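Shown below: structure_37.csv, with CSV, C-alpha atoms.
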```
chain,number,residue,atom,x,y,z
A,28,MET,CA,138.8,83.5,79.5
A,29,LYS,CA,137.2,82.5,76.2
A,30,THR,CA,135.8,85.2,74.0
A,31,MET,CA,132.3,86.2,75.1
A,32,ASP,CA,129.3,86.5,72.8
A,33,CYS,CA,126.7,89.3,73.0
A,34,LYS,CA,124.4,87.2,75.2
A,35,ASP,CA,127.1,86.4,77.8
A,36,VAL,CA,128.1,90.1,77.8
A,37,LEU,CA,124.5,91.3,78.4
A,38,ALA,CA,124.2,88.8,81.3
A,39,ASN,CA,127.1,90.5,83.0
A,40,LEU,CA,125.9,94.1,82.4
A,41,SER,CA,125.1,94.6,86.1
A,42,CYS,CA,128.5,93.4,87.1
A,43,TYR,CA,130.1,96.0,84.8
A,44,VAL,CA,127.9,99.0,85.7
A,45,ASP,CA,128.2,98.2,89.5
A,46,GLY,CA,132.0,97.9,89.2
A,47,GLU,CA,131.9,94.2,90.4
A,48,GLY,CA,133.3,91.0,89.0
A,49,THR,CA,136.9,89.8,88.6
A,50,ALA,CA,139.5,91.7,86.7
A,51,GLU,CA,139.5,88.9,84.2
A,52,LEU,CA,135.7,89.2,83.6
A,53,ARG,CA,136.0,93.0,83.3
A,54,THR,CA,138.8,92.7,80.8
A,55,ALA,CA,136.7,90.2,78.7
A,56,LEU,CA,133.7,92.6,78.8
A,57,GLU,CA,135.8,95.6,77.9
A,58,ASP,CA,137.4,93.6,75.1
A,59,HIS,CA,133.9,92.7,73.7
A,60,ILE,CA,132.4,96.2,73.9
A,61,SER,CA,135.4,97.8,72.3
A,62,ARG,CA,134.6,95.7,69.2
A,63,CYS,CA,130.8,95.5,69.3
A,64,ARG,CA,129.0,98.8,68.8
A,65,ARG,CA,125.6,97.4,69.8
A,66,CYS,CA,126.8,96.1,73.2
A,67,ARG,CA,128.8,99.3,73.7
A,68,VAL,CA,125.7,101.4,73.3
A,69,VAL,CA,123.7,99.2,75.7
A,70,PHE,CA,126.4,99.4,78.3
A,71,ASP,CA,127.0,103.1,77.9
A,72,THR,CA,123.3,104.1,77.9
A,73,THR,CA,122.6,101.8,80.9
A,74,GLY,CA,125.2,103.8,82.8
A,75,MET,CA,123.6,107.0,81.7
A,76,MET,CA,120.1,105.8,82.7
A,77,LEU,CA,121.4,105.0,86.2
A,78,LYS,CA,123.0,108.4,86.5
A,79,ILE,CA,119.8,110.2,85.3
A,80,VAL,CA,117.7,108.2,87.8
A,81,THR,CA,120.1,108.9,90.7
A,82,ASP,CA,120.3,112.6,89.9
A,83,ALA,CA,116.5,112.9,89.5
A,84,GLU,CA,115.9,111.7,93.1
A,85,PRO,CA,112.5,110.4,92.2
A,86,PHE,CA,109.5,110.2,94.5
A,87,GLU,CA,109.8,113.0,97.0
A,88,VAL,CA,107.3,112.7,99.8
A,89,PRO,CA,104.6,115.3,98.9
A,90,LEU,CA,104.2,117.9,101.6
A,91,SER,CA,100.5,117.0,102.1
A,92,VAL,CA,101.4,113.3,102.5
A,93,SER,CA,104.1,114.2,105.0
A,94,ALA,CA,101.8,116.4,107.0
A,95,ARG,CA,99.2,113.7,107.3
A,96,LEU,CA,101.8,111.2,108.4
A,97,TYR,CA,103.0,113.5,111.2
A,98,ALA,CA,99.5,114.3,112.2
A,99,ARG,CA,98.7,110.6,112.7
A,100,LEU,CA,101.9,110.0,114.5
A,101,GLU,CA,101.3,112.9,116.8
A,102,LYS,CA,98.1,111.3,118.1
A,103,ILE,CA,100.0,108.0,118.8
A,104,LEU,CA,102.9,109.7,120.5
A,105,SER,CA,100.6,111.7,122.7
A,106,GLU,CA,98.8,108.5,123.9
A,107,VAL,CA,99.4,107.9,127.6
B,15,MET,CA,105.3,117.6,115.0
B,16,GLN,CA,107.3,119.8,112.6
B,17,ARG,CA,108.7,118.6,109.4
B,18,GLY,CA,112.5,118.7,109.7
B,19,GLU,CA,115.4,118.9,107.4
B,20,ARG,CA,115.8,116.4,104.5
B,21,PRO,CA,117.7,113.4,105.8
B,22,ASN,CA,121.0,112.4,104.2
B,23,ARG,CA,121.1,109.3,102.1
B,24,ALA,CA,123.7,107.8,104.3
B,25,VAL,CA,122.2,107.8,107.7
B,26,PRO,CA,124.6,106.6,110.4
B,27,ASP,CA,123.3,103.5,112.1
B,28,GLU,CA,124.7,104.6,115.5
B,29,ASP,CA,122.4,107.6,115.5
B,30,ASP,CA,119.4,105.3,114.8
B,31,PHE,CA,120.4,103.0,117.6
B,32,LEU,CA,120.6,106.0,120.1
B,33,LEU,CA,117.2,107.2,119.1
B,34,VAL,CA,115.7,103.7,119.4
B,35,ASP,CA,117.2,103.4,122.9
B,36,ARG,CA,115.7,106.8,123.9
B,37,VAL,CA,112.2,105.8,122.7
B,38,LEU,CA,112.5,102.4,124.5
B,39,ALA,CA,113.6,104.2,127.7
B,40,GLY,CA,110.3,106.2,127.6
B,41,ASP,CA,111.3,109.3,125.5
B,42,ARG,CA,108.5,108.9,122.9
B,43,ARG,CA,109.4,112.2,121.2
B,44,ALA,CA,112.7,110.6,120.1
B,45,PHE,CA,110.6,108.7,117.5
B,46,GLU,CA,110.1,111.9,115.5
B,47,PRO,CA,113.7,112.3,114.3
B,48,LEU,CA,113.7,108.6,113.4
B,49,VAL,CA,110.7,109.2,111.2
B,50,ARG,CA,112.3,112.3,109.6
B,51,ARG,CA,115.4,110.3,108.8
B,52,HIS,CA,113.6,107.4,107.1
B,53,GLU,CA,110.4,108.9,105.8
B,54,ARG,CA,111.6,109.3,102.3
B,55,ARG,CA,112.9,105.7,102.0
B,56,VAL,CA,109.7,104.3,103.4
B,57,PHE,CA,107.7,106.3,100.9
B,58,ARG,CA,109.8,105.2,98.0
B,59,VAL,CA,109.6,101.6,99.0
B,60,THR,CA,105.9,101.6,99.4
B,61,ILE,CA,105.4,103.4,96.1
B,62,ALA,CA,107.7,100.9,94.4
B,63,VAL,CA,105.4,98.0,95.5
B,64,LEU,CA,102.1,99.7,95.1
B,65,GLY,CA,102.7,102.0,92.2
B,66,ASN,CA,100.5,104.9,93.3
B,67,ILE,CA,100.8,107.7,95.9
B,68,GLU,CA,97.4,107.1,97.6
B,69,ASP,CA,98.1,103.5,98.6
B,70,ALA,CA,101.8,104.3,99.3
B,71,GLU,CA,100.7,107.0,101.8
B,72,GLU,CA,98.5,104.6,103.7
B,73,ALA,CA,101.2,101.9,103.8
B,74,MET,CA,103.8,104.5,104.9
B,75,GLN,CA,101.6,105.6,107.9
B,76,ASP,CA,100.9,102.0,108.9
B,77,THR,CA,104.7,101.2,108.6
B,78,PHE,CA,105.7,103.9,111.1
B,79,VAL,CA,102.8,103.1,113.5
B,80,LYS,CA,103.8,99.4,113.4
B,81,ALA,CA,107.5,100.3,113.9
B,82,PHE,CA,106.6,102.4,116.9
B,83,ARG,CA,104.5,99.8,118.5
B,84,HIS,CA,107.0,97.0,117.9
B,85,LEU,CA,110.2,98.9,118.5
B,86,ASP,CA,111.2,96.6,121.4
B,87,GLN,CA,111.4,93.7,118.8
B,88,PHE,CA,114.2,95.5,116.9
B,89,ARG,CA,117.5,93.8,117.4
B,90,LYS,CA,120.6,95.8,116.8
B,91,GLU,CA,122.3,93.0,114.8
B,92,ALA,CA,120.5,94.4,111.8
B,93,ARG,CA,120.5,98.0,110.6
B,94,PHE,CA,117.4,100.0,111.7
B,95,THR,CA,116.8,100.9,108.1
B,96,THR,CA,116.7,97.3,107.0
B,97,TRP,CA,114.3,96.4,109.8
B,98,LEU,CA,112.1,99.3,108.9
B,99,THR,CA,112.3,98.7,105.1
B,100,ARG,CA,111.2,95.1,105.7
B,101,ILE,CA,108.1,96.3,107.6
B,102,ALA,CA,107.3,98.8,104.8
B,103,ILE,CA,107.6,96.1,102.1
B,104,ASN,CA,105.4,93.8,104.1
B,105,GLU,CA,102.8,96.5,104.7
B,106,ALA,CA,102.8,97.4,101.0
B,107,ILE,CA,102.7,93.8,99.8
B,108,GLN,CA,99.7,93.0,102.1
B,109,LYS,CA,97.9,96.0,100.6
B,110,ARG,CA,98.7,95.0,97.1
B,111,ASN,CA,97.6,91.5,97.6
B,112,ALA,CA,94.3,92.7,99.0
B,113,ARG,CA,93.5,94.6,95.8
B,114,LYS,CA,90.7,92.8,93.9
B,115,ASN,CA,92.3,93.4,90.6
B,116,PHE,CA,95.8,92.4,91.6
B,117,MET,CA,97.4,90.0,89.1
B,118,PRO,CA,100.9,89.0,90.2
B,119,LEU,CA,103.4,88.7,87.4
B,120,ALA,CA,105.3,85.5,87.7
B,121,GLU,CA,108.9,85.5,86.4
B,122,ALA,CA,108.0,82.3,84.6
B,123,GLU,CA,105.6,84.4,82.4
B,124,THR,CA,108.4,86.5,81.1
B,125,THR,CA,110.9,85.5,78.5
B,126,GLU,CA,114.5,86.4,77.7
B,127,GLN,CA,113.2,87.8,74.4
B,128,GLN,CA,111.1,90.4,76.2
B,129,PHE,CA,114.3,91.9,77.7
B,130,ALA,CA,116.5,91.8,74.6
B,131,PRO,CA,117.7,95.3,73.9
B,132,ARG,CA,115.8,96.8,70.9
B,133,ARG,CA,117.2,100.3,70.9
B,134,HIS,CA,120.8,100.7,69.8
B,135,GLU,CA,121.3,104.4,69.2
B,136,SER,CA,123.6,106.4,71.4
B,137,TRP,CA,122.0,109.0,73.6
B,138,LYS,CA,122.4,112.7,72.8
B,139,MET,CA,123.4,113.8,76.2
B,140,SER,CA,126.4,114.7,78.1
B,141,ASN,CA,124.1,116.7,80.3
B,142,PRO,CA,120.5,115.6,80.2
B,143,GLU,CA,119.4,119.0,81.6
B,144,GLN,CA,120.3,120.5,78.2
B,145,LEU,CA,117.4,118.6,76.7
B,146,TYR,CA,114.8,118.8,79.4
B,147,GLY,CA,114.1,120.9,82.5
B,148,LYS,CA,114.9,119.4,85.9
B,149,GLN,CA,111.2,118.9,86.7
B,150,GLU,CA,110.6,117.3,83.3
B,151,ILE,CA,113.5,114.8,83.9
B,152,HIS,CA,112.0,114.0,87.4
B,153,GLN,CA,108.7,113.2,85.7
B,154,ILE,CA,110.2,111.1,83.0
B,155,VAL,CA,112.1,109.0,85.6
B,156,GLU,CA,109.1,108.6,87.8
B,157,ASN,CA,106.9,107.6,84.9
B,158,ALA,CA,109.4,105.1,83.7
B,159,ILE,CA,109.8,103.5,87.1
B,160,GLN,CA,106.0,103.2,87.5
B,161,LEU,CA,105.8,101.5,84.1
B,162,LEU,CA,108.0,98.6,85.4
B,163,PRO,CA,106.1,95.4,86.4
B,164,GLU,CA,106.0,95.2,90.2
B,165,ILE,CA,108.7,92.6,90.8
B,166,TYR,CA,111.1,94.5,88.7
B,167,ARG,CA,110.1,97.9,90.1
B,168,GLU,CA,110.7,96.7,93.7
B,169,ALA,CA,114.2,95.4,92.8
B,170,PHE,CA,115.1,98.5,90.9
B,171,VAL,CA,113.9,101.0,93.5
B,172,LEU,CA,115.7,99.2,96.4
B,173,ARG,CA,119.0,98.8,94.5
B,174,ASP,CA,119.2,101.8,92.2
B,175,VAL,CA,117.1,104.4,93.9
B,176,GLU,CA,117.6,103.5,97.6
B,177,GLU,CA,121.0,102.1,97.0
B,178,LEU,CA,120.6,99.1,99.2
B,179,SER,CA,123.2,96.4,98.7
B,180,ALA,CA,122.1,93.3,96.7
B,181,GLU,CA,122.1,91.3,99.9
B,182,GLU,CA,120.0,93.8,101.8
B,183,ALA,CA,117.5,94.2,98.9
B,184,ALA,CA,117.2,90.4,98.6
B,185,GLU,CA,116.7,90.1,102.3
B,186,VAL,CA,113.9,92.6,102.6
B,187,LEU,CA,112.1,91.2,99.5
B,188,GLY,CA,112.5,87.7,100.9
B,189,ILE,CA,114.2,86.3,97.8
B,190,THR,CA,117.7,85.0,97.0
B,191,VAL,CA,120.5,87.2,95.8
B,192,PRO,CA,120.7,85.6,92.4
B,193,ALA,CA,116.9,86.1,92.0
B,194,LEU,CA,117.4,89.8,93.0
B,195,LYS,CA,120.2,90.2,90.5
B,196,SER,CA,118.2,88.6,87.7
B,197,ARG,CA,115.2,91.0,88.4
B,198,LEU,CA,117.5,94.0,88.6
B,199,LEU,CA,119.1,93.2,85.3
B,200,ARG,CA,115.7,93.0,83.6
B,201,ALA,CA,114.5,96.2,85.4
B,202,ARG,CA,117.6,98.1,84.2
B,203,LEU,CA,117.1,96.9,80.6
B,204,MET,CA,113.5,98.0,80.7
B,205,MET,CA,114.4,101.3,82.2
B,206,ARG,CA,117.0,101.8,79.5
B,207,GLU,CA,114.5,101.1,76.7
B,208,THR,CA,112.0,103.5,78.2
B,209,LEU,CA,114.4,106.4,78.7
B,210,ALA,CA,115.9,105.8,75.3
B,211,GLU,CA,112.7,107.1,73.8
B,212,LYS,CA,113.5,110.4,75.4
B,213,PHE,CA,117.3,110.6,75.1
B,214,GLU,CA,118.5,108.7,72.1
B,215,GLU,CA,119.9,110.4,69.0
B,216,PRO,CA,117.7,110.2,66.0
B,217,PRO,CA,119.1,107.3,64.0
B,218,THR,CA,121.2,108.1,60.9
B,219,LEU,CA,120.0,106.8,57.6
B,220,LYS,CA,122.8,104.3,57.6
B,221,ALA,CA,121.9,103.1,61.0
B,222,LYS,CA,118.2,102.7,60.0
B,223,ILE,CA,119.3,100.5,57.1
B,224,VAL,CA,121.6,98.4,59.2
B,225,HIS,CA,118.9,97.9,61.8
B,226,LYS,CA,116.4,96.8,59.2
B,227,ALA,CA,118.9,94.5,57.7
B,228,VAL,CA,120.3,93.0,60.9
B,229,ASP,CA,117.5,90.5,61.1
B,230,VAL,CA,118.3,89.0,57.8
B,231,GLY,CA,122.0,89.1,57.9
B,232,THR,CA,125.1,91.1,57.1
B,233,ALA,CA,125.1,90.1,53.4
B,234,VAL,CA,121.9,92.1,53.0
B,235,ALA,CA,123.3,95.1,54.8
B,236,MET,CA,126.3,95.0,52.4
B,237,ARG,CA,124.0,94.9,49.4
B,238,LEU,CA,122.0,97.8,50.9
B,239,MET,CA,125.1,99.8,51.3
B,240,ARG,CA,126.2,99.1,47.7
B,241,ALA,CA,122.7,100.1,46.6
B,242,ALA,CA,123.0,103.3,48.6
B,243,GLY,CA,126.0,104.3,46.6
B,244,ARG,CA,124.0,104.0,43.3
B,245,GLN,CA,121.2,106.2,44.5
B,246,GLY,CA,120.8,109.7,43.0
B,247,ARG,CA,121.9,112.5,45.4
B,248,ASN,CA,118.7,114.4,45.6
B,249,HIS,CA,116.5,111.5,46.4
B,250,GLU,CA,119.1,109.7,48.5
B,251,ASP,CA,117.0,109.3,51.7
B,252,ASP,CA,113.9,108.0,50.0
B,253,GLY,CA,115.8,105.7,47.7
B,254,LEU,CA,117.8,104.2,50.5
B,255,GLN,CA,114.9,103.6,52.8
B,256,GLY,CA,112.9,102.0,50.0
B,257,CYS,CA,115.8,99.8,49.2
B,258,ALA,CA,116.1,98.7,52.8
B,259,CYS,CA,112.5,97.8,53.1
B,260,GLU,CA,112.5,96.0,49.8
B,261,PHE,CA,115.4,93.8,50.8
B,262,VAL,CA,113.9,92.9,54.1
B,263,VAL,CA,110.6,92.1,52.6
B,264,LEU,CA,112.1,90.0,49.9
B,265,ARG,CA,114.3,88.0,52.3
B,266,ARG,CA,111.4,87.3,54.6
B,267,ARG,CA,109.2,85.8,51.9
```
Take the structure from the file and write it as C-alpha cells.
Amino acid sequence: MKTMDCKDVLANLSCYVDGEGTAELRTALEDHISRCRRCRVVFDTTGMMLKIVTDAEPFEVPLSVSARLYARLEKILSEV
Amino acid sequence: MQRGERPNRAVPDEDDFLLVDRVLAGDRRAFEPLVRRHERRVFRVTIAVLGNIEDAEEAMQDTFVKAFRHLDQFRKEARFTTWLTRIAINEAIQKRNARKNFMPLAEAETTEQQFAPRRHESWKMSNPEQLYGKQEIHQIVENAIQLLPEIYREAFVLRDVEELSAEEAAEVLGITVPALKSRLLRARLMMRETLAEKFEEPPTLKAKIVHKAVDVGTAVAMRLMRAAGRQGRNHEDDGLQGCACEFVVLRRR
C-alpha cells in the first residue's frame, strides 16, 4: 500500500477506532500516526471521546417522563 | 404499571419475540416488560432527532402506542429493537418536520473544511473523572451531542451511544451505509472538537508557536525556534509569542 497522507488517514479514522479495515490498511494507518503527531493526537483523542461518551451513558429517561409514559400506556392496555 | 429494573444494553432478541407472541395471543400485560426493555433506547433516539426532552417525550409515547397497536405487523425476520427504533425515528422526524422553524441541514451545505481538525493538543486524562465529577461529565457529553447538527446527531447516537451496527443505523435512518459512515465520521470529529475544549492540555509555548506557524510553513517555524533561542530568559514567553505573531503577520501580507 502506498504511503498515506493526512487526508487519507483522517478519512479512515472510523475504520481505525471501530477496529475495522484490512490488516494492510491498519498497518498503513499505524505507520502514518507513528510518524505524524497531529494525526496521532486526532486518533487518540477520538478514541478517548468515544470512551467518555460510552461511560457517561447520556440521556437517561427522567423519572417524570417515564411515569407519564407508563400512565398513558396503562390507559391503552386497560382498554377492552 | 411499575417502573422496572434498568434494561441491559444487549437485550436478547428471543426474549423480545416471546413477549411479542404473548401480547399477540391476548396477554396485553406482556407489553409492559417490552417497554421497560426498550424505553431508554427509544428516548435516546427521539432526543437525537428532536434535540429536546419535551418533544422527545411526546415522540416516545407515540412510538410505544403505535408499536402496541401495530404489533401484528412485526415480522421476526428483523430484530424487535430495529423495528421499534424505525418507528421511533419516523415519529420523531414527523414531529421535527412539523416544526415551523425547522430548517433541515443538507449535507451539500457542509464542506470538508468545516470538519478539518483544529485542535491538536493531547488530552490531560487517563481518567476523566479526575478532572470533573460524574454528573459534570454526563452534562458535558449531553451538551456536546445536542450541539451536533441533526443529521450528524442521529448518526452519532445510533452508532456510538446505542451501538447499532452501521447497517442497522443506516436502515433505520433510511440512508445508505456509506452515507451513514460519512455522517458518523463528521459527527465524531465535531464531538472531538467540542470535548477538546474541556479535556485538552493547555498548549505549551512551543506548540503555540508551531500552530501559529503551521499555516505559513515549516520554514517559518524553524525561524521562530531560532528566534526563541535568542530571547532573554525572563521575558521568554512574551518574546516568543510576539515573535510568532510577527512572523505570521509578515508572511500573510
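Restricting the calculation to all atoms listed in the file, the smallest distance between A:Leu96 and any of B:Leu38, B:Val79, B:Leu32, B:Ala62 is found for B:Val79.
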Here is a test: counting only C-alpha atoms, which residue of A:Tyr97, A:Leu77, A:Gly46, A:Lys102 is nearest to B:Ala201?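 Smallest distance to B:Ala201 is found for A:Leu77.
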Can I get the residues of chain B within 6 Å of chain A, each with the closest pair of atoms and their distance in Å to one decimal, using all atoms listed in the file, sorted chain first then ascending number, as CSV?
```
residue,atom,partner,partner_atom,distance
B:Gln75,CA,A:Leu96,CA,5.6
B:His134,CA,A:Arg65,CA,5.8
B:Ser136,CA,A:Val68,CA,5.7
B:His152,CA,A:Ala83,CA,5.1
B:Glu156,CA,A:Pro85,CA,5.8
B:Arg206,CA,A:Thr73,CA,5.8
```
Go ahead and save the picked residues with C-alpha atoms, as a JSON list (two decimals), keeping the file's coordinate frame.
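Done, and the output landed in part-v4.json:
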```
[["chain", "number", "residue", "atom", "x", "y", "z"],
["B", 75, "GLN", "CA", 101.60, 105.60, 107.90],
["B", 134, "HIS", "CA", 120.80, 100.70, 69.80],
["B", 136, "SER", "CA", 123.60, 106.40, 71.40],
["B", 152, "HIS", "CA", 112.00, 114.00, 87.40],
["B", 156, "GLU", "CA", 109.10, 108.60, 87.80],
["B", 206, "ARG", "CA", 117.00, 101.80, 79.50]]
```
Restricting the calculation to all atoms listed in the file: of B:Lys195, B:Asn104, B:Asn66, B:Arg133, which residue gets closest to B:Leu161?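 Of B:Lys195, B:Asn104, B:Asn66, B:Arg133, the one nearest B:Leu161, counting all atoms listed in the file, is B:Asn66.
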Select, from B:Asp41, B:Ile61, B:Asp69, B:Glu28, the residue with the minimum atom-to-atom distance to B:Lys90, counting all atoms listed in the file.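 Ranked by minimum distance to B:Lys90, first place goes to B:Glu28.
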Distance in Å - atom CA of B:Phe94 versus atom CA of B:Val63: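 Separation between atom CA of B:Phe94 and atom CA of B:Val63: 20.3 Å.
If you look at atom CA of A:Cys63 and atom CA of B:Arg132, they are 15.1 Å away from each other.
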Atom-to-atom span, atom CA of B:Ile101 and atom CA of B:Leu162, Å: 22.3 Å
Find the residues with any atom within 12 Å of (129.3, 86.7, 80.0); use all atoms listed in the file and the coordinates as given in the file, and write the answer as a list of chain:residue names.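 Within the cut-off we find A:Met28, A:Lys29, A:Thr30, A:Met31, A:Asp32, A:Cys33, A:Lys34, A:Asp35, A:Val36, A:Leu37, A:Ala38, A:Asn39, A:Leu40, A:Ser41, A:Cys42, A:Tyr43, A:Gly48, A:Thr49, A:Glu51, A:Leu52, A:Arg53, A:Thr54, A:Ala55, A:Leu56, A:Glu57, A:Asp58, A:His59, A:Ile60, A:Cys66.
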Pick out the residues sitting within 9 Å of B:Arg200, and hand them over as a list in words; count all atoms listed in the file, and ignore anything fewer than 3 positions along from it in its own chain.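 Residues near the query, excluding close chain neighbours: Glu126, Phe129, Tyr166, Lys195, Ser196, Arg197, Leu203, Met204 and Met205 of chain B.
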Considering only C-alpha atoms, state which residue in the set B:Glu68, B:Glu168, B:Glu207, B:Asp27 is at the smallest distance from B:Thr96.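 Between B:Glu68, B:Glu168, B:Glu207, B:Asp27, the residue approaching B:Thr96 most closely is B:Asp27.
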